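Colleague: Have a look at the structure that comes next, please.
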Amino acid sequence: MTATTKRPHHAFAFQRHRPFPSPNTPQNPELPLPIPGNLNKTQPSNSLTVKHATTRPVKPGVISSEGDRTVLLGESGVSYQLPGAPFEFQYSYSETPQAKPLAIREPAFLPFAPPTMPRPWTGKQPLKKSKKKIPLFDSFNPPPPGKKGVKFVETPGPFPFGKYPREAKTREEILGEPLKRWEISMLVKPLLSDNRQVNLGRDGLTHNMLDLIHTHWKRRRVVKVKCKGVPTVDMDNVCRHLEEKTGGKIIHRVGGVVYLFRGRNYNYRTRPEYPLMLWKPAAPVYPKLIQEAPEGLTKDEADEFREKGKYLLPICKLAKNGVYITLVKDVRNAFEGSPLVRIDCKGMHASDYKKIGAKLKEMVPCVLLSFDDEQILMWRGKDWKSMYPEGLSASVPVNLDIAGGLDGPGMYLRDPNDNPDPKIVRSSPKMISLWERAIESNKALLLDENNLDLGPDDLLKKVEEFEGISQATEHSYPALVLSSEDGTSVLMAEWEDGSQTENYNEDDMYPEDDITDDEYDDCDSSERDSSELDSIVPLGSLPVDQIAEKLRPKGI
């Protein structure tokens, strides 16, 4: 018997599935043979996998137009103008950079449905018209409370007694009379623990949020807007755009939470209707935030600052989706003691802390130096001016470099070679202004040079004397006693204008029409009776009681 050689099974499979080339197909011996296991899988072409970023530089003005519908490029970025619209539509109204865009990343298309299409295409024939006539939702004629199958709907208002809702067109007419304090408390209190809210994230106030807010106003008078992330750096900007675009009124604001009132005469039936954006347009190209040689610096000086910034302690650490309301104030205060400021942004998205840096550049203002290692490094610039008045410096003067005081007081570096003298006390202009204010208001005592060598006992005695004087100054006011012919007396306390009230008028803060009997009905009078006051201040212990006792006629 002759021995036969066995071929492996995969060789037969390879020959069986290998296609036969046609005689007209050119043979290329350099191409590799296909792998048997991946024969059924189609290989993607290189032209589909490699994406080329195409940008087209454009000039401000009209980019494209389709009849009355145009795409504009201006100072507020890319905007869309539609016929009959009250304002130019944008994807984000509050988070548009202030820098002028340089180019666009995609062809200029309107992200709205075409006006010729009556409904979005679903692939099916449209349904027949319903025989039932569903009435439009009218806020002035809501369904009765407790009706089966109908969700809770709040009535318009609140209105004073004898007034009713009326049709309105302008924003002032829809809002009606300003809300009183008890009305604001009545509207806001149920929403404090309610999770029915509009979430505002890194994109800020977007176009489709306008329709969402009106959907909330359909059933409730106040909508709760919770802001987190980048927009909270400038909450005033967010609140301004909310009022301008929606037409409502912000009645309460706590941190990043805003309560938006729809108005006394708001009617959902006559609300402004805006078309929805079907996709998110690509953001245009803006100038770079980080430059090799920023304003007022050379490249070598900027590199030196970036190197020194690595040893600088961050003033704070930003959390992801946090509330950064005090960030601008913290950076300004940090610049009082250091020309360089660093913020730790570890764990945050790169686009988030870059947007925060762009906001700080405009609001502080400052010069951005680096975003390396998830850190924001800023320089206060040559034109920086202190927020506080110039005062007597308690530190030894030092030589300032080009950075405007890089080696000056308040610069805390983690350099091992930096060994400051412990006997030298350094104070910032802010601390000096606080001391001056305390001395002027008799809350601090400035010792003379002759009193610096006092012993502990003498120093304690001076402190006790000053404590008694400061308490008497703070808790005593000039009094005038006027006596009349019938023996009665009147005690009048005269307040100096501007010293105690600080130009606050009591009538302006608490008008008479704001104080009603309902406010006092809510309080339990049994808890605030006279017995509680007697336990705090005994009768006859006040100086007024002694004066009244002397002037009281005998026999009474």
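Identifiers for the structure tokens are assigned positionally: chains receive A, B, ... in sequence, residues are indexed from 1 per chain, and ligands are indexed from 1 in the order shown.
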Residues at most 9 Å from stretch 309-318 of chain A, counting only C-alpha atoms, excluding those fewer than 3 positions away in the same chain, as a PyMOL selection string?

Modeller: chain A and resi 304-306+321-324+327+330-331+334+340-348+353+375+377-378+411-415

Colleague: Neighbours of A:Pro294 within 10 Å (only C-alpha atoms; same-chain residues fewer than 2 positions away dropped), as a list of chain:residue names?

Modeller: A:Leu289, A:Ile290, A:Gln291, A:Glu292, A:Gly296, A:Leu297, A:Thr298, A:Lys299, A:Glu301, A:Ala302, A:Val367, A:Leu368, A:Leu369, A:Trp379, A:Gly381

Colleague: Write out, as an mmCIF file, in the first residue's frame, the residues just selected, with N, CA, C and O atoms.

Modeller:
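Full text of selection27.cif as output:
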data_model
loop_
_atom_site.group_PDB
_atom_site.id
_atom_site.type_symbol
_atom_site.label_atom_id
_atom_site.label_comp_id
_atom_site.auth_asym_id
_atom_site.auth_seq_id
_atom_site.Cartn_x
_atom_site.Cartn_y
_atom_site.Cartn_z
ATOM 1 N N LEU A 289 -7.709 80.142 22.150
ATOM 2 C CA LEU A 289 -7.671 80.800 23.453
ATOM 3 C C LEU A 289 -6.246 80.928 23.972
ATOM 4 O O LEU A 289 -5.892 81.925 24.599
ATOM 5 N N ILE A 290 -5.423 79.903 23.742
ATOM 6 C CA ILE A 290 -4.047 79.888 24.233
ATOM 7 C C ILE A 290 -3.122 80.281 23.089
ATOM 8 O O ILE A 290 -3.129 79.644 22.034
ATOM 9 N N GLN A 291 -2.335 81.311 23.300
ATOM 10 C CA GLN A 291 -1.358 81.755 22.319
ATOM 11 C C GLN A 291 0.045 81.570 22.875
ATOM 12 O O GLN A 291 0.263 81.615 24.093
ATOM 13 N N GLU A 292 1.008 81.351 21.984
ATOM 14 C CA GLU A 292 2.381 81.153 22.437
ATOM 15 C C GLU A 292 2.927 82.402 23.105
ATOM 16 O O GLU A 292 3.628 82.320 24.109
ATOM 17 N N GLY A 296 1.021 91.299 25.814
ATOM 18 C CA GLY A 296 1.940 91.938 26.744
ATOM 19 C C GLY A 296 3.108 91.091 27.172
ATOM 20 O O GLY A 296 3.853 91.493 28.073
ATOM 21 N N LEU A 297 3.307 89.912 26.585
ATOM 22 C CA LEU A 297 4.397 89.022 26.967
ATOM 23 C C LEU A 297 5.108 88.527 25.721
ATOM 24 O O LEU A 297 4.504 88.422 24.634
ATOM 25 N N THR A 298 6.364 88.194 25.896
ATOM 26 C CA THR A 298 7.097 87.511 24.840
ATOM 27 C C THR A 298 6.978 86.003 25.043
ATOM 28 O O THR A 298 6.464 85.535 26.065
ATOM 29 N N LYS A 299 7.475 85.250 24.083
ATOM 30 C CA LYS A 299 7.360 83.794 24.180
ATOM 31 C C LYS A 299 8.176 83.256 25.348
ATOM 32 O O LYS A 299 7.740 82.349 26.066
ATOM 33 N N GLU A 301 8.969 84.850 28.179
ATOM 34 C CA GLU A 301 8.299 85.205 29.431
ATOM 35 C C GLU A 301 7.071 84.330 29.675
ATOM 36 O O GLU A 301 6.816 83.911 30.809
ATOM 37 N N ALA A 302 6.322 84.042 28.619
ATOM 38 C CA ALA A 302 5.153 83.171 28.777
ATOM 39 C C ALA A 302 5.572 81.764 29.175
ATOM 40 O O ALA A 302 4.935 81.132 30.043
ATOM 41 N N VAL A 367 -5.490 86.923 31.346
ATOM 42 C CA VAL A 367 -4.827 86.355 30.165
ATOM 43 C C VAL A 367 -4.631 84.869 30.419
ATOM 44 O O VAL A 367 -4.023 84.481 31.434
ATOM 45 N N LEU A 368 -5.146 84.036 29.536
ATOM 46 C CA LEU A 368 -5.009 82.592 29.674
ATOM 47 C C LEU A 368 -3.631 82.160 29.193
ATOM 48 O O LEU A 368 -3.159 82.589 28.130
ATOM 49 N N LEU A 369 -2.991 81.297 29.985
ATOM 50 C CA LEU A 369 -1.647 80.822 29.657
ATOM 51 C C LEU A 369 -1.603 79.361 29.270
ATOM 52 O O LEU A 369 -0.840 78.976 28.382
ATOM 53 N N TRP A 379 -2.918 84.664 34.020
ATOM 54 C CA TRP A 379 -2.095 85.804 34.440
ATOM 55 C C TRP A 379 -2.974 87.042 34.452
ATOM 56 O O TRP A 379 -3.796 87.244 33.558
ATOM 57 N N GLY A 381 -2.230 90.163 33.947
ATOM 58 C CA GLY A 381 -1.954 91.142 32.911
ATOM 59 C C GLY A 381 -1.258 92.387 33.439
ATOM 60 O O GLY A 381 -1.199 92.652 34.648
#

Colleague: Name all residues at most 10 Å from A:Glu167 (count only C-alpha atoms; drop same-chain ones fewer than 5 positions away) and give them as a list in words.

Modeller: Phe140, Glu173, Ile174, Asn265, Tyr266, Asn267 and Thr270 of chain A

Colleague: Work out how far atom CA of A:Pro275 is from atom CA of A:Ile250, in Å to one decimal.

Modeller: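 Interatomic distance, atom CA of A:Ile250 to atom CA of A:Pro275: 24.6 Å.
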
Colleague: Give me the residues within 9 Å of A:Gln197 as a PDB file with N, CA and C atoms, in the first residue's frame, counting only C-alpha atoms and dropping any in the same chain fewer than 6 places off.

Modeller:
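File produced: result-v1.pdb:
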ATOM      1  N   LEU A 191     -42.681  74.300  45.088  1.00  0.00           N
ATOM      2  CA  LEU A 191     -41.704  73.803  44.127  1.00  0.00           C
ATOM      3  C   LEU A 191     -40.336  73.538  44.733  1.00  0.00           C
ATOM      4  N   HIS A 216     -44.254  73.438  30.346  1.00  0.00           N
ATOM      5  CA  HIS A 216     -44.404  73.443  31.811  1.00  0.00           C
ATOM      6  C   HIS A 216     -45.414  74.507  32.239  1.00  0.00           C
ATOM      7  N   VAL A 223     -42.175  77.713  36.635  1.00  0.00           N
ATOM      8  CA  VAL A 223     -41.330  76.602  36.217  1.00  0.00           C
ATOM      9  C   VAL A 223     -39.989  76.722  36.931  1.00  0.00           C
ATOM     10  N   LYS A 224     -39.482  75.601  37.364  1.00  0.00           N
ATOM     11  CA  LYS A 224     -38.216  75.529  38.090  1.00  0.00           C
ATOM     12  C   LYS A 224     -37.108  75.145  37.108  1.00  0.00           C
ATOM     13  N   VAL A 225     -36.103  76.008  36.969  1.00  0.00           N
ATOM     14  CA  VAL A 225     -34.980  75.788  36.053  1.00  0.00           C
ATOM     15  C   VAL A 225     -33.736  75.561  36.899  1.00  0.00           C
ATOM     16  N   LYS A 226     -33.133  74.387  36.751  1.00  0.00           N
ATOM     17  CA  LYS A 226     -31.937  74.029  37.518  1.00  0.00           C
ATOM     18  C   LYS A 226     -30.724  74.085  36.599  1.00  0.00           C
TER      19      LYS A 226
END

Colleague: Return the single residue from A:Ile104, A:Pro126, A:Leu82, A:Asp383 that is closest to A:Pro60, with distances computed using only C-alpha atoms.

Modeller: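 The answer is A:Ile104, which sits nearest to A:Pro60.
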
Colleague: Using only C-alpha atoms, which residue out of A:Gln90, A:Ser386, A:Thr215, A:Thr170 lies closest to A:Asp203?

Modeller: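 Under the stated criterion, the closest residue is A:Gln90.
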
Colleague: Name the residues in contact with stretch 77-79 of chain A at a cut-off of 7 Å, using only C-alpha atoms, excluding same-chain residues fewer than 5 positions from it; report them as a PyMOL selection string.

Modeller: chain A and resi 71-72+88-90+96+101
